[in-house]
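Enquirer: Contents are compact mmCIF, C-alpha atoms; file name coords.txt:
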```txt
# COMPACT_ATOMS: atom_id res chain seq x y z
CA MET A 1 0.00 0.00 0.00
CA ARG A 2 1.42 3.38 -1.01
CA HIS A 3 1.81 6.09 1.61
CA GLN A 4 2.79 9.66 0.87
CA GLN A 5 4.45 11.80 3.51
CA ARG A 6 4.64 15.53 4.12
CA LEU A 7 7.41 17.49 2.41
CA GLN A 8 9.47 18.66 5.35
CA HIS A 9 9.69 22.39 6.01
CA GLN A 10 11.93 22.16 9.05
CA CYS A 11 15.37 20.58 9.41
CA PRO A 12 15.33 17.72 11.96
CA TYR A 13 18.83 18.71 13.11
CA CYS A 14 18.93 22.51 13.43
CA TYR A 15 15.10 22.97 13.44
CA ARG A 16 15.24 25.95 11.10
CA SER A 17 12.83 26.41 8.21
CA LEU A 18 13.59 24.83 4.83
CA TYR A 19 12.49 27.09 1.98
CA TRP A 20 11.86 26.11 -1.63
CA LEU A 21 14.61 26.96 -4.14
CA GLU A 22 16.99 28.67 -1.72
CA TRP A 23 20.02 30.18 -3.43
CA ASN A 24 22.42 27.85 -1.61
CA SER A 25 20.27 24.70 -1.81
CA ARG A 26 21.96 21.32 -2.26
CA PRO A 27 19.70 18.35 -3.01
CA GLY A 28 19.30 16.27 0.11
CA PHE A 29 21.03 18.70 2.49
CA CYS A 30 19.84 21.41 4.87
CA SER A 31 20.82 24.81 3.47
CA ARG A 32 21.40 26.12 7.02
CA CYS A 33 23.38 23.46 8.92
CA HIS A 34 24.32 21.39 5.82
CA GLN A 35 23.28 18.10 7.42
CA TRP A 36 22.16 15.21 5.18
CA LEU A 37 18.36 14.92 5.19
CA GLY A 38 18.01 11.62 3.41
CA LYS A 39 17.87 9.55 6.56
CA THR A 40 16.72 10.27 10.08
CA GLU A 41 15.75 7.96 12.92
CA TYR A 42 12.23 9.32 13.05
CA THR A 43 9.19 8.83 10.89
CA THR A 44 7.19 11.69 9.41
CA GLU A 45 3.49 12.41 9.38
CA ILE A 46 1.28 10.64 6.86
CA LEU A 47 -0.60 13.06 4.64
CA ASP A 48 -4.34 13.49 4.78
CA LYS A 49 -6.20 13.98 1.48
CA GLU A 50 -6.24 17.80 1.67
CA GLU A 51 -2.51 17.96 2.33
CA GLU A 52 -1.78 15.43 -0.41
CA VAL A 53 -3.57 17.60 -2.98
CA TRP A 54 -1.62 20.68 -1.84
CA GLN A 55 1.75 18.90 -1.97
CA ALA A 56 1.01 17.47 -5.42
CA PHE A 57 0.16 20.97 -6.68
CA VAL A 58 3.39 22.41 -5.28
CA VAL A 59 5.59 19.65 -6.71
CA LYS A 60 3.97 19.81 -10.16
CA ASN A 61 4.33 23.59 -10.42
CA LEU A 62 7.90 23.65 -9.13
CA GLU A 63 8.78 21.02 -11.71
CA GLU A 64 7.25 23.12 -14.51
CA LEU A 65 9.12 26.21 -13.29
CA LEU A 66 12.48 24.42 -13.15
CA VAL A 67 12.00 22.95 -16.62
CA ALA A 68 11.11 26.35 -18.10
CA ALA A 69 13.74 28.41 -16.24
CA PRO A 70 16.61 27.87 -18.75
CA THR A 71 14.43 29.39 -21.48
CA PHE A 72 13.95 32.69 -19.63
CA ALA A 73 16.05 35.51 -21.05
CA SER A 74 15.69 37.36 -17.74
CA PRO A 75 13.84 36.98 -14.43
CA PRO A 76 10.07 37.53 -14.71
CA PRO A 77 9.46 41.31 -14.54
CA ARG A 78 7.57 42.86 -11.66
CA GLU A 79 4.97 44.09 -14.11
CA ASN A 80 3.83 40.49 -14.63
CA ILE A 81 3.31 40.02 -10.88
CA ALA A 82 1.55 43.35 -10.54
CA ARG A 83 -0.76 42.66 -13.48
CA GLY A 84 -1.61 39.17 -12.25
CA MET A 85 -2.27 40.39 -8.70
CA LYS A 86 -4.57 43.16 -9.92
CA LEU A 87 -6.53 40.69 -12.00
CA CYS A 88 -6.92 38.28 -9.05
CA ILE A 89 -7.83 40.97 -6.50
CA ASP A 90 -10.37 42.52 -8.86
CA ALA A 91 -11.95 39.14 -9.64
CA VAL A 92 -12.11 37.83 -6.06
CA THR A 93 -12.82 40.90 -3.92
CA GLY A 94 -13.70 43.65 -6.40
CA GLY A 95 -10.34 45.36 -6.00
CA ASN A 96 -10.24 45.28 -2.18
CA ALA A 97 -6.65 44.23 -1.38
CA LYS A 98 -7.28 43.99 2.38
CA ALA A 99 -10.21 41.61 1.91
CA PHE A 100 -8.09 39.57 -0.50
CA ALA A 101 -5.35 39.35 2.16
CA ASP A 102 -7.87 38.02 4.68
CA LYS A 103 -9.04 35.29 2.32
CA LEU A 104 -5.51 34.04 1.62
CA CYS A 105 -4.16 34.54 5.16
CA TYR A 106 -1.66 37.19 4.05
CA SER A 107 -0.48 40.14 6.08
CA ALA A 108 -2.73 43.09 5.28
CA SER A 109 -0.17 44.97 3.15
CA VAL A 110 1.04 42.05 1.04
CA PRO A 111 -1.44 42.01 -1.89
CA GLY A 112 -1.34 45.79 -2.28
CA GLU A 113 2.46 45.84 -2.39
CA TRP A 114 2.50 43.12 -5.05
CA ARG A 115 -0.21 44.86 -7.07
CA ARG A 116 1.75 48.13 -7.09
CA GLY A 117 4.97 46.38 -8.04
CA ASN A 118 6.68 47.55 -4.85
CA ALA A 119 7.64 44.04 -3.73
CA LEU A 120 8.27 40.62 -5.21
CA PRO A 121 6.30 37.76 -3.64
CA GLN A 122 7.81 35.03 -1.54
CA LEU A 123 7.35 31.73 -3.33
CA ASP A 124 5.50 30.06 -0.46
CA LEU A 125 2.98 32.94 -0.30
CA LEU A 126 2.57 33.01 -4.06
CA PHE A 127 1.72 29.31 -3.99
CA ARG A 128 -1.27 30.09 -1.76
CA LEU A 129 -2.74 32.33 -4.44
CA CYS A 130 -1.98 29.91 -7.28
CA TYR A 131 -3.47 26.99 -5.38
CA CYS A 132 -6.65 28.76 -4.26
CA LEU A 133 -7.37 30.03 -7.78
CA GLN A 134 -5.84 27.02 -9.56
CA VAL A 135 -3.55 29.27 -11.57
CA PRO A 136 -0.31 27.59 -12.76
CA LEU A 137 2.69 29.25 -11.14
CA LEU A 138 4.49 29.52 -14.47
CA LYS A 139 1.51 31.30 -16.05
CA PHE A 140 1.43 33.78 -13.19
CA LEU A 141 5.13 34.59 -13.46
CA THR A 142 4.97 35.03 -17.24
CA GLY A 143 1.93 37.30 -17.10
CA GLU A 144 -0.50 34.81 -18.67
CA VAL A 145 -3.06 34.57 -15.87
CA VAL A 146 -6.50 33.36 -16.95
CA LEU A 147 -9.28 32.94 -14.39
CA ASP A 148 -12.27 30.69 -14.80
CA GLU A 149 -15.74 32.20 -14.53
CA PRO A 150 -17.24 32.30 -12.00
CA VAL A 151 -14.19 32.69 -9.75
CA SER A 152 -14.11 30.35 -6.76
CA LEU A 153 -11.43 29.80 -4.12
CA ILE A 154 -10.22 26.36 -3.08
CA PRO A 155 -9.69 26.33 0.71
CA LEU A 156 -6.10 26.29 1.92
CA PRO A 157 -4.88 23.26 3.88
CA GLU A 158 -4.69 23.82 7.62
CA HIS A 159 -0.97 24.47 7.88
CA GLN A 160 -1.20 27.19 5.19
CA SER A 161 -4.16 28.90 6.86
CA VAL A 162 -2.13 30.74 9.48
CA ARG A 163 -1.02 34.30 8.91
CA LYS A 164 2.52 34.97 10.13
CA LYS A 165 2.10 37.25 13.10
CA TYR A 166 4.30 40.32 13.38
CA ARG A 167 3.81 41.36 16.98
CA PRO A 168 5.84 41.57 20.18
CA PHE A 169 7.00 38.08 21.12
CA ASP A 170 5.64 37.17 24.56
CA PHE A 171 8.55 35.03 25.73
CA ALA A 172 7.17 34.06 29.14
CA ARG A 173 3.73 33.09 27.82
CA VAL A 174 5.07 31.18 24.81
CA GLN A 175 7.61 29.33 26.94
CA GLY A 176 4.86 28.27 29.34
CA LEU A 177 2.68 27.04 26.48
CA LEU A 178 5.55 25.06 24.94
CA GLU A 179 6.38 23.48 28.29
CA ALA A 180 2.71 22.54 28.72
CA ALA A 181 2.66 21.05 25.19
CA LEU A 182 5.63 18.90 26.14
CA GLN A 183 3.46 17.21 28.78
CA GLN A 184 0.35 16.72 26.65
CA SER A 185 -0.95 13.24 25.96
CA PRO A 186 -1.14 12.14 23.27
CA PRO A 187 1.82 14.21 22.07
CA LYS A 188 1.33 16.63 19.18
CA THR A 189 3.55 17.63 16.29
CA MET A 190 5.47 20.88 16.51
CA ARG A 191 3.34 22.19 13.66
CA GLN A 192 0.15 21.45 15.56
CA VAL A 193 1.51 23.12 18.69
CA ALA A 194 2.49 26.21 16.70
CA LEU A 195 -1.01 26.43 15.21
CA GLU A 196 -2.55 26.31 18.69
CA ILE A 197 -0.17 28.90 20.12
CA GLY A 198 -0.64 31.17 17.10
CA TYR A 199 2.99 31.76 16.17
CA ASP A 200 5.01 30.76 13.15
CA PRO A 201 6.94 27.48 13.74
CA GLY A 202 10.14 29.15 12.53
CA ASP A 203 9.85 31.87 15.18
CA LEU A 204 9.24 29.31 17.92
CA SER A 205 12.25 27.22 16.93
CA LYS A 206 14.37 30.36 16.71
CA TYR A 207 13.67 31.44 20.30
CA PHE A 208 13.09 28.03 21.92
CA PRO A 209 15.09 25.47 19.90
CA ASP A 210 15.48 22.98 22.76
CA LEU A 211 11.78 22.96 23.67
CA CYS A 212 10.72 22.67 20.03
CA ARG A 213 13.18 19.85 19.46
CA ALA A 214 11.92 18.01 22.54
CA ILE A 215 8.28 18.34 21.39
CA SER A 216 9.12 16.98 17.93
CA VAL A 217 11.24 14.12 19.27
CA ARG A 218 8.53 13.11 21.77
CA TYR A 219 5.89 12.96 19.03
CA LYS A 220 8.08 11.01 16.64
CA ARG A 221 9.13 8.51 19.28
CA ARG A 222 5.48 7.93 20.14
CA LYS A 223 4.78 7.24 16.44
CA LEU A 224 7.57 4.68 16.33
CA GLU A 225 6.25 2.92 19.42
CA ALA A 226 2.65 2.82 18.13
```
Just dump the structure as structure tokens.

Expert:
Amino acid sequence: MRHQQRLQHQCPYCYRSLYWLEWNSRPGFCSRCHQWLGKTEYTTEILDKEEEVWQAFVVKNLEELLVAAPTFASPPPRENIARGMKLCIDAVTGGNAKAFADKLCYSASVPGEWRRGNALPQLDLLFRLCYCLQVPLLKFLTGEVVLDEPVSLIPLPEHQSVRKKYRPFDFARVQGLLEAALQQSPPKTMRQVALEIGYDPGDLSKYFPDLCRAISVRYKRRKLEA
């Protein structure tokens, strides 16, 4: 029986985030601590159907982008991003960038900055838009966005439905919540704990690497024993 597992977004050694297509990426290695990722002593989470669909979309579109990249004479111009964003915002929320941000779990200023050409999108955030509207990533980057009528949004999977929170980091409160999570039964994944606390997993591992590592190890050991 075939099982598919989650693409990992966090190194099991240094517990820092793994981003798609980092400039210093080496296949099979963490771009931060340079450890080999091909084998660890712990198992990973089995995908549910919603997550499997998301991961398949990401892999397919990254493959298409990598295949097409050698044919680009230059990086996709900002005008393509701005034009595509305007089209999507107009179609989904009648031009209301703030409402569009709410629907895709972006920070409030993100869609407006992309639409004006003032910023280039992060790939992980751009994937949210492409997935929800079923727009091929390559088409978006080359300025060939076409939306079906009527426009409908596919819901984001749970782990993509959290807006990164830019606010003062409450160290004492977060530490207490992480310590409590370490005692929970049954144990939860670090991603699940982060969702409950309401902070980005990367921020938690940055400030509390030992606690985050202990939570992940406890969950994975429990999976091995089950």

Enquirer: Which is closer to A:Leu147 than all the others in A:Ala91, A:Leu195, A:Phe72, A:Pro168, using all atoms listed in the file?

Expert: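 Checking each candidate against A:Leu147, we get A:Ala91 as the closest.
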
Enquirer: Excluding same-chain residues fewer than 4 positions from A:Val92, what lies within 9 Å of it counting all atoms listed in the file, as a list in words?

Expert: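 Once the adjacent positions are removed, what remains is Leu87, Cys88, Asn96, Phe100, Val151, Ser152 and Leu153 of chain A.
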
Enquirer: Could you please take those selected residues and save C-alpha atoms as a PDB file, in the coordinates of the input?

Expert:
```
ATOM      1  CA  LEU A  87      -6.530  40.690 -12.000  1.00  0.00           C
ATOM      2  CA  CYS A  88      -6.920  38.280  -9.050  1.00  0.00           C
ATOM      3  CA  ASN A  96     -10.240  45.280  -2.180  1.00  0.00           C
ATOM      4  CA  PHE A 100      -8.090  39.570  -0.500  1.00  0.00           C
ATOM      5  CA  VAL A 151     -14.190  32.690  -9.750  1.00  0.00           C
ATOM      6  CA  SER A 152     -14.110  30.350  -6.760  1.00  0.00           C
ATOM      7  CA  LEU A 153     -11.430  29.800  -4.120  1.00  0.00           C
TER       8      LEU A 153
END
```

Enquirer: List the neighbours of A:Lys86 out to 9 Å using all atoms listed in the file; skip same-chain residues closer than 2 positions along the sequence, and give me the result as an MDAnalysis selection string.

Expert: chainID A and resid 81:84 88:91 95 97 111:112 114:116

Enquirer: To box stretch 77-91 of chain A, take all atoms listed in the file, fit an axis-aligned box, add 5 Å on each side, and give centre and edge lengths in Å to one decimal, as AutoDock Vina command-line options.

Expert:
```
--center_x -1.2 --center_y 41.2 --center_z -10.6 --size_x 31.4 --size_y 15.8 --size_z 18.1
```

Enquirer: Quick one: pull the distance between atom CA of A:Phe169 and atom CA of A:Arg221, Å, one decimal.

Expert: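 About the pair atom CA of A:Phe169 and atom CA of A:Arg221: they are 29.7 Å apart.
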
Enquirer: Take atom CA of A:Gly176 and atom CA of A:Pro12 and report the distance between them in Å, one decimal.

Expert: 22.9 Å

Enquirer: Have a look at atom CA of A:Tyr106 and atom CA of A:Pro150 and let me know their distance in Å, one decimal.

Expert: 22.9 Å

Enquirer: At a cut-off of 9 Å, using all atoms listed in the file, what residues contact A:His159? Leave out same-chain residues fewer than 3 positions from it and give the result as a list in words.

Expert: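 So, after excluding close chain neighbours, the residues are Glu51, Leu156, Val162, Arg191, Gln192 and Leu195 of chain A.
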
Enquirer: Could you tell me which of A:Pro70, A:Pro187, A:Gly202, A:Gly117 comes closest to A:Ser17 if we count only C-alpha atoms?

Expert: A:Gly202

Enquirer: May I ask which of the residues A:Pro201, A:Pro155, A:Pro76, A:Pro209 is the closest one to A:Phe140, counting only C-alpha atoms?

Expert: A:Pro76

Enquirer: In terms of the shortest atom-to-atom distance over all atoms listed in the file, which of A:Cys132, A:Val145, A:Leu182, A:Leu138 is closest to A:Trp54?

Expert: A:Cys132

Enquirer: Determine the nearest neighbour of A:Ala172 from the options A:Tyr19, A:Ala108, A:Phe208, A:Asp203, counting all atoms listed in the file.

Expert: A:Phe208

Enquirer: Around (5.6, 21.7, 22.7) in the file's frame, which residues reach within 12 Å when counting only C-alpha atoms? Return as a PyMOL selection string?

Expert: chain A and resi 174-197+201+204-205+208-219

Enquirer: In terms of the shortest atom-to-atom distance over all atoms listed in the file, which of A:Val110, A:Cys11, A:Val59, A:Ala68 is closest to A:Lys139?

Expert: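 The answer is A:Ala68, which sits nearest to A:Lys139.
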
Enquirer: Write out as a tab-separated table a residue-level contact list of stretch 89-153 of chain A versus stretch 22-31 of chain A with cut-off 12 Å: for each qualifying residue the closest pair of atoms and the distance in Å to one decimal, counting all atoms listed in the file, rows sorted by chain and residue number upward.

Expert:
```
residue	atom	partner	partner_atom	distance
A:Gln122	CA	A:Glu22	CA	11.2
A:Leu123	CA	A:Glu22	CA	10.2
A:Asp124	CA	A:Glu22	CA	11.6
```

Enquirer: Could you check which residues have any atom within 10 Å of (-2.6, 23.1, 2.1), counting all atoms listed in the file with coordinates taken straight from the file, and then list them as a list of chain:residue names?

Expert: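 Here the neighbourhood of the point contains A:Lys49, A:Glu50, A:Glu51, A:Glu52, A:Val53, A:Trp54, A:Gln55, A:Phe57, A:Val58, A:Phe127, A:Arg128, A:Tyr131, A:Cys132, A:Ile154, A:Pro155, A:Leu156, A:Pro157, A:Glu158, A:His159, A:Gln160, A:Ser161.
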